[in-house]
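Okay, work38.cif now, which holds mmCIF, C-alpha atoms and all ligand atoms:
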data_start
#
loop_
_atom_site.label_atom_id
_atom_site.label_comp_id
_atom_site.auth_asym_id
_atom_site.auth_seq_id
_atom_site.Cartn_x
_atom_site.Cartn_y
_atom_site.Cartn_z
CA MET J 1 -29.99 57.65 -214.70
CA LYS J 2 -28.63 54.31 -213.51
CA VAL J 3 -28.91 51.46 -216.03
CA ASP J 4 -27.98 47.77 -216.01
CA ILE J 5 -26.22 47.74 -219.37
CA LEU J 6 -24.46 50.60 -221.16
CA CYS J 7 -23.63 50.05 -224.83
CA PHE J 8 -21.02 52.07 -226.68
CA GLY J 9 -20.68 52.27 -230.47
CA ALA J 10 -18.19 54.12 -232.65
CA HIS J 11 -20.97 54.85 -235.18
CA PRO J 12 -24.73 55.19 -234.74
CA ASP J 13 -25.59 51.74 -236.17
CA ASP J 14 -22.81 49.69 -234.51
CA VAL J 15 -24.84 48.81 -231.42
CA GLU J 16 -27.86 47.68 -233.45
CA LEU J 17 -25.66 45.48 -235.67
CA GLY J 18 -23.51 44.08 -232.86
CA CYS J 19 -25.74 43.54 -229.85
CA SER J 20 -29.35 44.65 -230.32
CA GLY J 21 -30.61 41.08 -229.88
CA THR J 22 -29.02 41.09 -226.43
CA ILE J 23 -30.55 44.52 -225.75
CA PHE J 24 -34.05 43.34 -226.72
CA LYS J 25 -33.67 40.25 -224.54
CA HIS J 26 -32.54 42.13 -221.44
CA ILE J 27 -35.18 44.84 -221.79
CA SER J 28 -37.78 42.07 -222.07
CA ILE J 29 -36.74 40.82 -218.60
CA GLY J 30 -36.94 44.31 -217.09
CA LYS J 31 -33.33 45.47 -217.36
CA LYS J 32 -32.50 49.09 -218.22
CA VAL J 33 -30.21 49.85 -221.14
CA ALA J 34 -28.56 53.06 -222.41
CA ILE J 35 -26.55 53.68 -225.58
CA VAL J 36 -23.69 56.13 -226.10
CA ASP J 37 -22.55 56.63 -229.70
CA LEU J 38 -19.07 58.12 -229.94
CA THR J 39 -19.45 59.79 -233.37
CA LEU J 40 -22.26 60.94 -235.63
CA GLY J 41 -20.96 58.78 -238.49
CA GLU J 42 -20.40 61.91 -240.54
CA LEU J 43 -17.96 60.20 -242.93
CA GLY J 44 -20.51 57.60 -244.03
CA SER J 45 -20.80 57.30 -247.83
CA ARG J 46 -24.60 57.07 -247.68
CA GLY J 47 -27.00 59.42 -245.94
CA ASN J 48 -25.82 62.39 -243.87
CA VAL J 49 -25.64 63.45 -240.23
CA GLU J 50 -29.29 64.51 -240.15
CA THR J 51 -30.60 61.29 -241.71
CA ARG J 52 -28.43 59.18 -239.38
CA LYS J 53 -29.66 61.13 -236.33
CA ALA J 54 -33.27 60.49 -237.37
CA GLU J 55 -32.51 56.81 -238.05
CA ALA J 56 -30.80 56.39 -234.66
CA LYS J 57 -33.84 57.97 -232.98
CA LYS J 58 -36.15 55.54 -234.75
CA ALA J 59 -33.98 52.53 -233.82
CA THR J 60 -33.85 53.76 -230.21
CA GLU J 61 -37.66 53.81 -230.07
CA ILE J 62 -37.85 50.32 -231.61
CA MET J 63 -35.42 48.93 -229.00
CA ASN J 64 -37.07 50.88 -226.16
CA VAL J 65 -33.74 51.77 -224.54
CA SER J 66 -33.93 54.26 -221.66
CA TYR J 67 -31.32 56.78 -222.86
CA ARG J 68 -29.22 57.41 -225.94
CA GLU J 69 -26.70 60.15 -226.51
CA ASN J 70 -23.93 61.01 -228.96
CA LEU J 71 -20.56 62.36 -227.81
CA GLY J 72 -19.84 63.93 -231.23
CA LEU J 73 -16.22 62.72 -231.42
CA PRO J 74 -14.70 62.84 -234.94
CA ASP J 75 -15.70 59.94 -237.21
CA GLY J 76 -12.61 58.34 -238.79
CA PHE J 77 -10.21 60.07 -236.42
CA LEU J 78 -10.73 58.37 -233.08
CA HIS J 79 -7.42 58.07 -231.26
CA TYR J 80 -6.03 57.81 -227.76
CA ASP J 81 -6.88 61.20 -226.28
CA LYS J 82 -7.29 62.38 -222.68
CA ASP J 83 -10.34 64.50 -223.51
CA TYR J 84 -12.08 61.59 -225.30
CA LEU J 85 -11.32 59.27 -222.37
CA LEU J 86 -12.74 61.74 -219.84
CA GLN J 87 -15.91 62.22 -221.91
CA ILE J 88 -16.41 58.45 -221.89
CA VAL J 89 -15.64 58.24 -218.14
CA THR J 90 -18.29 60.94 -217.56
CA ALA J 91 -20.85 58.86 -219.47
CA ILE J 92 -19.98 55.69 -217.52
CA ARG J 93 -20.31 57.49 -214.17
CA LYS J 94 -23.58 59.12 -215.28
CA TYR J 95 -25.26 55.78 -216.16
CA GLN J 96 -23.54 53.63 -213.50
CA PRO J 97 -23.90 50.37 -215.50
CA GLU J 98 -23.19 46.87 -214.17
CA ILE J 99 -22.14 45.72 -217.65
CA ILE J 100 -20.66 47.58 -220.60
CA LEU J 101 -20.87 46.42 -224.21
CA CYS J 102 -18.54 47.99 -226.77
CA ASN J 103 -17.06 47.59 -230.25
CA ALA J 104 -15.01 44.62 -231.46
CA PRO J 105 -11.31 44.78 -230.50
CA GLN J 106 -10.27 44.45 -234.17
CA ASP J 107 -12.44 44.95 -237.22
CA ARG J 108 -12.66 46.02 -240.86
CA HIS J 109 -13.40 49.62 -239.86
CA PRO J 110 -10.39 51.01 -237.94
CA ASP J 111 -12.63 53.15 -235.70
CA HIS J 112 -14.08 50.01 -234.13
CA GLY J 113 -10.84 48.80 -232.53
CA LYS J 114 -9.94 52.34 -231.46
CA ALA J 115 -13.38 52.86 -229.89
CA ALA J 116 -13.02 49.53 -228.07
CA GLN J 117 -9.65 50.58 -226.63
CA LEU J 118 -10.99 53.97 -225.53
CA VAL J 119 -13.95 52.37 -223.75
CA VAL J 120 -11.91 49.64 -222.02
CA GLU J 121 -9.41 52.20 -220.70
CA SER J 122 -12.23 54.55 -219.65
CA VAL J 123 -13.81 51.72 -217.68
CA PHE J 124 -10.58 51.43 -215.70
CA LEU J 125 -10.26 55.20 -215.21
CA SER J 126 -13.93 55.44 -214.11
CA GLY J 127 -13.06 53.37 -211.03
CA LEU J 128 -10.31 55.72 -209.86
CA VAL J 129 -11.34 58.24 -207.19
CA ASN J 130 -8.61 60.64 -208.24
CA ILE J 131 -9.97 61.00 -211.79
CA LYS J 132 -12.26 64.00 -211.37
CA THR J 133 -15.25 64.50 -213.69
CA THR J 134 -18.37 66.63 -213.42
CA PHE J 135 -21.88 66.29 -214.78
CA GLU J 136 -24.36 69.20 -214.69
CA GLY J 137 -21.98 71.13 -212.45
CA LYS J 138 -21.65 68.39 -209.83
CA GLN J 139 -18.61 66.25 -209.19
CA GLN J 140 -19.27 62.62 -210.11
CA LEU J 141 -18.55 59.59 -207.94
CA ASN J 142 -16.16 56.98 -209.26
CA TRP J 143 -17.89 53.89 -210.70
CA ARG J 144 -16.66 50.34 -211.21
CA VAL J 145 -18.43 48.08 -213.71
CA LYS J 146 -18.61 44.30 -213.29
CA ASN J 147 -17.32 43.51 -216.76
CA THR J 148 -16.96 44.80 -220.30
CA PHE J 149 -17.79 42.70 -223.34
CA HIS J 150 -16.90 43.39 -226.96
CA TYR J 151 -19.62 42.57 -229.47
CA ILE J 152 -18.43 40.92 -232.67
CA GLN J 153 -18.85 42.95 -235.86
CA ASP J 154 -17.69 42.41 -239.44
CA TYR J 155 -14.64 40.18 -238.92
CA TYR J 156 -15.33 36.78 -237.42
CA LEU J 157 -13.75 36.68 -233.97
CA LYS J 158 -14.02 33.72 -231.65
CA PRO J 159 -16.46 34.61 -228.84
CA ASP J 160 -15.80 34.00 -225.15
CA LEU J 161 -19.51 33.78 -224.46
CA VAL J 162 -22.70 33.69 -226.49
CA VAL J 163 -26.07 35.16 -225.50
CA ASP J 164 -29.13 33.21 -226.67
CA ILE J 165 -31.20 35.79 -228.60
CA THR J 166 -33.69 33.29 -230.04
CA GLY J 167 -37.07 34.99 -230.34
CA PHE J 168 -35.50 38.42 -230.78
CA GLU J 169 -33.81 37.86 -234.15
CA GLU J 170 -36.56 39.56 -236.17
CA GLN J 171 -36.70 42.54 -233.81
CA LYS J 172 -32.94 42.87 -234.24
CA MET J 173 -33.35 43.09 -238.02
CA THR J 174 -36.14 45.67 -237.60
CA ALA J 175 -33.85 47.87 -235.45
CA ILE J 176 -31.04 47.55 -238.01
CA LEU J 177 -33.32 48.39 -240.93
CA ALA J 178 -34.31 51.63 -239.19
CA TYR J 179 -31.07 52.87 -240.78
CA THR J 180 -32.67 53.06 -244.21
CA SER J 181 -29.79 55.11 -245.66
CA GLN J 182 -27.20 52.48 -244.74
CA PHE J 183 -28.71 49.11 -245.66
CA TYR J 184 -30.45 47.52 -248.60
CA SER J 185 -34.05 48.56 -249.12
CA GLY J 186 -34.41 48.05 -252.88
CA ASN J 187 -34.43 51.82 -253.53
CA ASP J 188 -30.76 52.35 -254.44
CA GLU J 189 -31.39 53.03 -258.13
CA LYS J 190 -34.12 55.52 -257.36
CA THR J 191 -32.07 57.32 -254.68
CA LYS J 192 -28.78 57.01 -256.66
CA SER J 193 -27.04 55.83 -253.47
CA VAL J 194 -23.36 54.84 -253.44
CA THR J 195 -22.78 51.10 -253.00
CA THR J 196 -20.89 50.22 -249.81
CA PRO J 197 -19.75 46.93 -248.19
CA ILE J 198 -22.90 47.00 -246.02
CA SER J 199 -25.51 48.19 -248.52
CA SER J 200 -26.06 44.96 -250.49
CA PRO J 201 -28.86 42.44 -249.85
CA GLU J 202 -26.09 39.88 -249.18
CA PHE J 203 -25.06 41.85 -246.09
CA LEU J 204 -28.49 41.25 -244.55
CA THR J 205 -28.13 37.52 -245.33
CA PHE J 206 -24.70 37.61 -243.67
CA LEU J 207 -26.16 39.20 -240.51
CA LYS J 208 -28.75 36.44 -240.17
CA ALA J 209 -26.09 33.78 -240.86
CA ARG J 210 -23.88 35.28 -238.14
CA MET J 211 -26.75 35.02 -235.63
CA SER J 212 -27.22 31.36 -236.64
CA GLU J 213 -23.47 30.70 -236.47
CA MET J 214 -23.23 32.11 -232.95
CA GLY J 215 -26.40 30.30 -231.87
CA ARG J 216 -25.05 27.00 -233.13
CA ILE J 217 -22.10 27.22 -230.73
CA ILE J 218 -24.51 27.01 -227.78
CA HIS J 219 -27.11 24.79 -229.52
CA VAL J 220 -29.82 27.41 -229.91
CA PRO J 221 -31.22 28.87 -233.16
CA PHE J 222 -29.81 32.42 -232.79
CA GLY J 223 -27.07 34.01 -230.70
CA GLU J 224 -24.79 37.01 -230.33
CA GLY J 225 -21.16 36.41 -229.45
CA PHE J 226 -19.02 38.53 -227.13
CA ILE J 227 -15.36 38.76 -226.18
CA ALA J 228 -14.77 39.41 -222.49
CA ALA J 229 -12.36 42.19 -221.49
CA ARG J 230 -11.49 39.94 -218.54
CA GLN J 231 -12.64 36.45 -217.61
CA PRO J 232 -16.29 36.47 -216.51
CA GLY J 233 -17.39 34.75 -213.30
CA VAL J 234 -20.68 33.02 -212.55
CA ASN J 235 -22.46 32.37 -209.26
CA ASP J 236 -23.84 29.06 -210.35
CA LEU J 237 -22.53 26.74 -213.08
CA THR J 238 -25.90 25.10 -213.59
CA SER J 239 -27.44 28.37 -214.81
CA LEU J 240 -25.33 28.20 -217.97
CA VAL J 241 -27.26 27.28 -221.11
ZN ZN J 301 -19.10 51.25 -237.19
#

Rewrite the structure from the file as structure tokens, please.
Ligand SMILES: [Zn+2]
Amino acid sequence: MKVDILCFGAHPDDVELGCSGTIFKHISIGKKVAIVDLTLGELGSRGNVETRKAEAKKATEIMNVSYRENLGLPDGFLHYDKDYLLQIVTAIRKYQPEIILCNAPQDRHPDHGKAAQLVVESVFLSGLVNIKTTFEGKQQLNWRVKNTFHYIQDYYLKPDLVVDITGFEEQKMTAILAYTSQFYSGNDEKTKSVTTPISSPEFLTFLKARMSEMGRIIHVPFGEGFIAARQPGVNDLTSLV
């Protein structure tokens, strides 16, 4: 089940919103990607667990990621917990990624920063041979990832690096709009849905503006910004865009 990139999200639409352009781009060059959602988003004001599961499945098919699973941790109540850490370590060792992408270190939704901390600490623990985990009855090997990057979510945070996602911006919006219960589709009056900070048409405009804003930093039309858990290294300076 080895993949190149493993993406974690606190809620089932976080990965699509934060880094699906990067996912589309890497899959287009033959890389394998998996997603692990920490919670089912059961506290969401719109939709319910079943609709969000169906929406996540649809988005997964659109992105063509190799694997997606949900750890079923409690939405709204993520905290530093040994059992949560070990569940995340198990997922990291199962997918053996080179790179991990995870939530923003601080954000409007408090789960995002907590999820980010849990993943970063699990990445460290995953490398330790004396942390014992099992998968399907077998003891797992320790696994060290090359680096962990936080995608940027609601709050503007200054990125350490930007991925050029030009050409994948429309596919990103298609993956996001698979979550029909969460975002604007023009049906709110008919469905009597509660208005949330992400359900307005302006939120979709904001998402496109954020892609443009990040792209502008590296002089391309569209980008996604990331914060590095530790300084990234490159083999060759001339391969930078
Ligand atoms: Zn979220």

Practice item. Mind checking which residues fall within 12 Å of segment 181-191 of chain J, counting all atoms listed in the file, ignoring those fewer than 4 positions away in the same chain, and posting them as a PyMOL selection string? Key: chain J and resi 11-14+17+41+44-56+173-177+195-205+207

Env of segment 110-113 of chain J: 7 Å cut, atoms = all atoms listed in the file, seq-sep filter 5 positions within chain, self excluded. Answer as a PyMOL selection string. chain J and resi 10+76+78+103-105

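Closest to Val220 of chain J among J:Val163, J:Glu121, J:Cys19, J:Leu86 is J:Val163, based on all atoms listed in the file.
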
Who sits within 10 Å of Ile218 of chain J, all atoms listed in the file, same chain under 2 positions skipped, as a compact mmCIF listing (two decimals) with C-alpha atoms, keeping the file's coordinate frame:
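And here is the file that came out, selection_14.txt:
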# COMPACT_ATOMS: atom_id res chain seq x y z
CA LEU J 161 -19.51 33.78 -224.46
CA VAL J 162 -22.70 33.69 -226.49
CA VAL J 163 -26.07 35.16 -225.50
CA ASP J 164 -29.13 33.21 -226.67
CA GLU J 213 -23.47 30.70 -236.47
CA MET J 214 -23.23 32.11 -232.95
CA GLY J 215 -26.40 30.30 -231.87
CA ARG J 216 -25.05 27.00 -233.13
CA VAL J 220 -29.82 27.41 -229.91
CA PRO J 221 -31.22 28.87 -233.16
CA PHE J 222 -29.81 32.42 -232.79
CA GLY J 223 -27.07 34.01 -230.70
CA LEU J 240 -25.33 28.20 -217.97
CA VAL J 241 -27.26 27.28 -221.11

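Atom CA of Ala34 of chain J to atom CA of Gly9 of chain J spans 11.3 Å [interatomic distance, one decimal].
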
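Take the candidates J:Asn70, J:Gln117, J:Asn142, J:Thr166 and check each one against His219 of chain J using only C-alpha atoms; the shortest distance goes to J:Thr166.
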
Surrounding residues of Ile35 of chain J excluding itself and chain neighbours under 6 positions, 6 Å, all atoms listed in the file, as a list in words
Leu6, Cys7, Phe8 and Arg68 of chain J

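Comparing J:Lys32, J:Gly18, J:Tyr84, J:Lys158 by their smallest distance to ligand ZN 301 (chain J), the closest is J:Gly18 (using only C-alpha atoms and all ligand atoms).
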
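Between atom CA of Val145 of chain J and atom CA of Ile88 of chain J the separation is 13.4 Å.
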
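With distances restricted to all atoms listed in the file, J:Leu101 is the closest residue to Val15 of chain J from J:Val65, J:Leu101, J:Ala91, J:Ile27.
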
Shortest contact to ligand ZN 301 (chain J), candidates J:Ser20, J:Ser122, J:Thr39, J:Asn235, atoms counted only C-alpha atoms and all ligand atoms, goes to J:Thr39

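Reported to one decimal place, the separation of atom CA of Ala178 of chain J from atom CA of Val3 of chain J is 23.8 Å.
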
Would you list the residues near (-14.4, 63.5, -210.9) (no more than 10 Å away, in the coordinates of the file, using all atoms listed in the file) as a PDB file with C-alpha atoms, in the coordinates of the input?
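Final output, saved to part-v2.pdb:
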ATOM      1  CA  LEU J  86     -12.740  61.740-219.840  1.00  0.00           C
ATOM      2  CA  VAL J  89     -15.640  58.240-218.140  1.00  0.00           C
ATOM      3  CA  THR J  90     -18.290  60.940-217.560  1.00  0.00           C
ATOM      4  CA  ARG J  93     -20.310  57.490-214.170  1.00  0.00           C
ATOM      5  CA  SER J 126     -13.930  55.440-214.110  1.00  0.00           C
ATOM      6  CA  LEU J 128     -10.310  55.720-209.860  1.00  0.00           C
ATOM      7  CA  VAL J 129     -11.340  58.240-207.190  1.00  0.00           C
ATOM      8  CA  ASN J 130      -8.610  60.640-208.240  1.00  0.00           C
ATOM      9  CA  ILE J 131      -9.970  61.000-211.790  1.00  0.00           C
ATOM     10  CA  LYS J 132     -12.260  64.000-211.370  1.00  0.00           C
ATOM     11  CA  THR J 133     -15.250  64.500-213.690  1.00  0.00           C
ATOM     12  CA  THR J 134     -18.370  66.630-213.420  1.00  0.00           C
ATOM     13  CA  PHE J 135     -21.880  66.290-214.780  1.00  0.00           C
ATOM     14  CA  LYS J 138     -21.650  68.390-209.830  1.00  0.00           C
ATOM     15  CA  GLN J 139     -18.610  66.250-209.190  1.00  0.00           C
ATOM     16  CA  GLN J 140     -19.270  62.620-210.110  1.00  0.00           C
ATOM     17  CA  LEU J 141     -18.550  59.590-207.940  1.00  0.00           C
ATOM     18  CA  ASN J 142     -16.160  56.980-209.260  1.00  0.00           C
TER      19      ASN J 142
END

Which residues, written as a VMD selection string, have at least one atom at most 12 Å from Lys146 of chain J, with only C-alpha atoms counted and residues fewer than 5 positions away on the same chain left out? chain J and resid 4 to 6 96 to 101 123 to 124 127 228 to 234

Judged by all atoms listed in the file, the minimum distance to ligand ZN 301 (chain J) among J:Glu224, J:Glu169, J:Glu61, J:Asp107 is found for J:Asp107

Can you complete the atoms of segment 10-38 of chain J to N, CA and C atoms and list them as an mmCIF file, keeping the file's coordinate frame?
data_model
loop_
_atom_site.group_PDB
_atom_site.id
_atom_site.type_symbol
_atom_site.label_atom_id
_atom_site.label_comp_id
_atom_site.auth_asym_id
_atom_site.auth_seq_id
_atom_site.Cartn_x
_atom_site.Cartn_y
_atom_site.Cartn_z
ATOM 1 N N ALA J 10 -18.945 53.063 -231.969
ATOM 2 C CA ALA J 10 -18.190 54.120 -232.650
ATOM 3 C C ALA J 10 -19.111 54.921 -233.563
ATOM 4 N N HIS J 11 -20.050 54.216 -234.217
ATOM 5 C CA HIS J 11 -20.970 54.850 -235.180
ATOM 6 C C HIS J 11 -22.407 54.524 -234.791
ATOM 7 N N PRO J 12 -23.353 55.368 -235.220
ATOM 8 C CA PRO J 12 -24.730 55.190 -234.740
ATOM 9 C C PRO J 12 -25.420 53.865 -235.074
ATOM 10 N N ASP J 13 -24.916 53.033 -235.982
ATOM 11 C CA ASP J 13 -25.590 51.740 -236.170
ATOM 12 C C ASP J 13 -24.792 50.553 -235.608
ATOM 13 N N ASP J 14 -23.655 50.796 -234.998
ATOM 14 C CA ASP J 14 -22.810 49.690 -234.510
ATOM 15 C C ASP J 14 -23.517 48.847 -233.445
ATOM 16 N N VAL J 15 -24.189 49.531 -232.522
ATOM 17 C CA VAL J 15 -24.840 48.810 -231.420
ATOM 18 C C VAL J 15 -25.976 47.934 -231.949
ATOM 19 N N GLU J 16 -26.755 48.472 -232.892
ATOM 20 C CA GLU J 16 -27.860 47.680 -233.450
ATOM 21 C C GLU J 16 -27.314 46.428 -234.138
ATOM 22 N N LEU J 17 -26.234 46.609 -234.929
ATOM 23 C CA LEU J 17 -25.660 45.480 -235.670
ATOM 24 C C LEU J 17 -25.016 44.460 -234.728
ATOM 25 N N GLY J 18 -24.335 44.964 -233.690
ATOM 26 C CA GLY J 18 -23.510 44.080 -232.860
ATOM 27 C C GLY J 18 -24.236 43.408 -231.718
ATOM 28 N N CYS J 19 -25.199 44.105 -231.100
ATOM 29 C CA CYS J 19 -25.740 43.540 -229.850
ATOM 30 C C CYS J 19 -27.195 43.895 -229.579
ATOM 31 N N SER J 20 -27.968 44.256 -230.627
ATOM 32 C CA SER J 20 -29.350 44.650 -230.320
ATOM 33 C C SER J 20 -30.220 43.461 -229.919
ATOM 34 N N GLY J 21 -29.858 42.246 -230.352
ATOM 35 C CA GLY J 21 -30.610 41.080 -229.880
ATOM 36 C C GLY J 21 -30.490 40.939 -228.370
ATOM 37 N N THR J 22 -29.286 41.153 -227.875
ATOM 38 C CA THR J 22 -29.020 41.090 -226.430
ATOM 39 C C THR J 22 -29.769 42.226 -225.706
ATOM 40 N N ILE J 23 -29.808 43.400 -226.339
ATOM 41 C CA ILE J 23 -30.550 44.520 -225.750
ATOM 42 C C ILE J 23 -32.038 44.169 -225.646
ATOM 43 N N PHE J 24 -32.621 43.701 -226.747
ATOM 44 C CA PHE J 24 -34.050 43.340 -226.720
ATOM 45 C C PHE J 24 -34.309 42.317 -225.617
ATOM 46 N N LYS J 25 -33.439 41.318 -225.528
ATOM 47 C CA LYS J 25 -33.670 40.250 -224.540
ATOM 48 C C LYS J 25 -33.648 40.806 -223.128
ATOM 49 N N HIS J 26 -32.651 41.630 -222.814
ATOM 50 C CA HIS J 26 -32.540 42.130 -221.440
ATOM 51 C C HIS J 26 -33.646 43.119 -221.091
ATOM 52 N N ILE J 27 -34.055 43.924 -222.061
ATOM 53 C CA ILE J 27 -35.180 44.840 -221.790
ATOM 54 C C ILE J 27 -36.451 44.022 -221.548
ATOM 55 N N SER J 28 -36.577 42.902 -222.248
ATOM 56 C CA SER J 28 -37.780 42.070 -222.070
ATOM 57 C C SER J 28 -37.857 41.451 -220.672
ATOM 58 N N ILE J 29 -36.707 41.354 -219.982
ATOM 59 C CA ILE J 29 -36.740 40.820 -218.600
ATOM 60 C C ILE J 29 -36.587 41.957 -217.581
ATOM 61 N N GLY J 30 -36.853 43.181 -218.029
ATOM 62 C CA GLY J 30 -36.940 44.310 -217.090
ATOM 63 C C GLY J 30 -35.646 45.050 -216.812
ATOM 64 N N LYS J 31 -34.604 44.759 -217.576
ATOM 65 C CA LYS J 31 -33.330 45.470 -217.360
ATOM 66 C C LYS J 31 -33.360 46.819 -218.103
ATOM 67 N N LYS J 32 -32.583 47.772 -217.580
ATOM 68 C CA LYS J 32 -32.500 49.090 -218.220
ATOM 69 C C LYS J 32 -31.217 49.198 -219.037
ATOM 70 N N VAL J 33 -31.344 49.771 -220.219
ATOM 71 C CA VAL J 33 -30.210 49.850 -221.140
ATOM 72 C C VAL J 33 -30.071 51.287 -221.656
ATOM 73 N N ALA J 34 -28.834 51.765 -221.766
ATOM 74 C CA ALA J 34 -28.560 53.060 -222.410
ATOM 75 C C ALA J 34 -27.516 52.842 -223.504
ATOM 76 N N ILE J 35 -27.517 53.741 -224.471
ATOM 77 C CA ILE J 35 -26.550 53.680 -225.580
ATOM 78 C C ILE J 35 -25.813 55.009 -225.672
ATOM 79 N N VAL J 36 -24.489 54.939 -225.829
ATOM 80 C CA VAL J 36 -23.690 56.130 -226.100
ATOM 81 C C VAL J 36 -22.947 55.900 -227.417
ATOM 82 N N ASP J 37 -23.279 56.687 -228.431
ATOM 83 C CA ASP J 37 -22.550 56.630 -229.700
ATOM 84 C C ASP J 37 -21.397 57.634 -229.602
ATOM 85 N N LEU J 38 -20.225 57.218 -230.061
ATOM 86 C CA LEU J 38 -19.070 58.120 -229.940
ATOM 87 C C LEU J 38 -19.059 59.186 -231.036
#
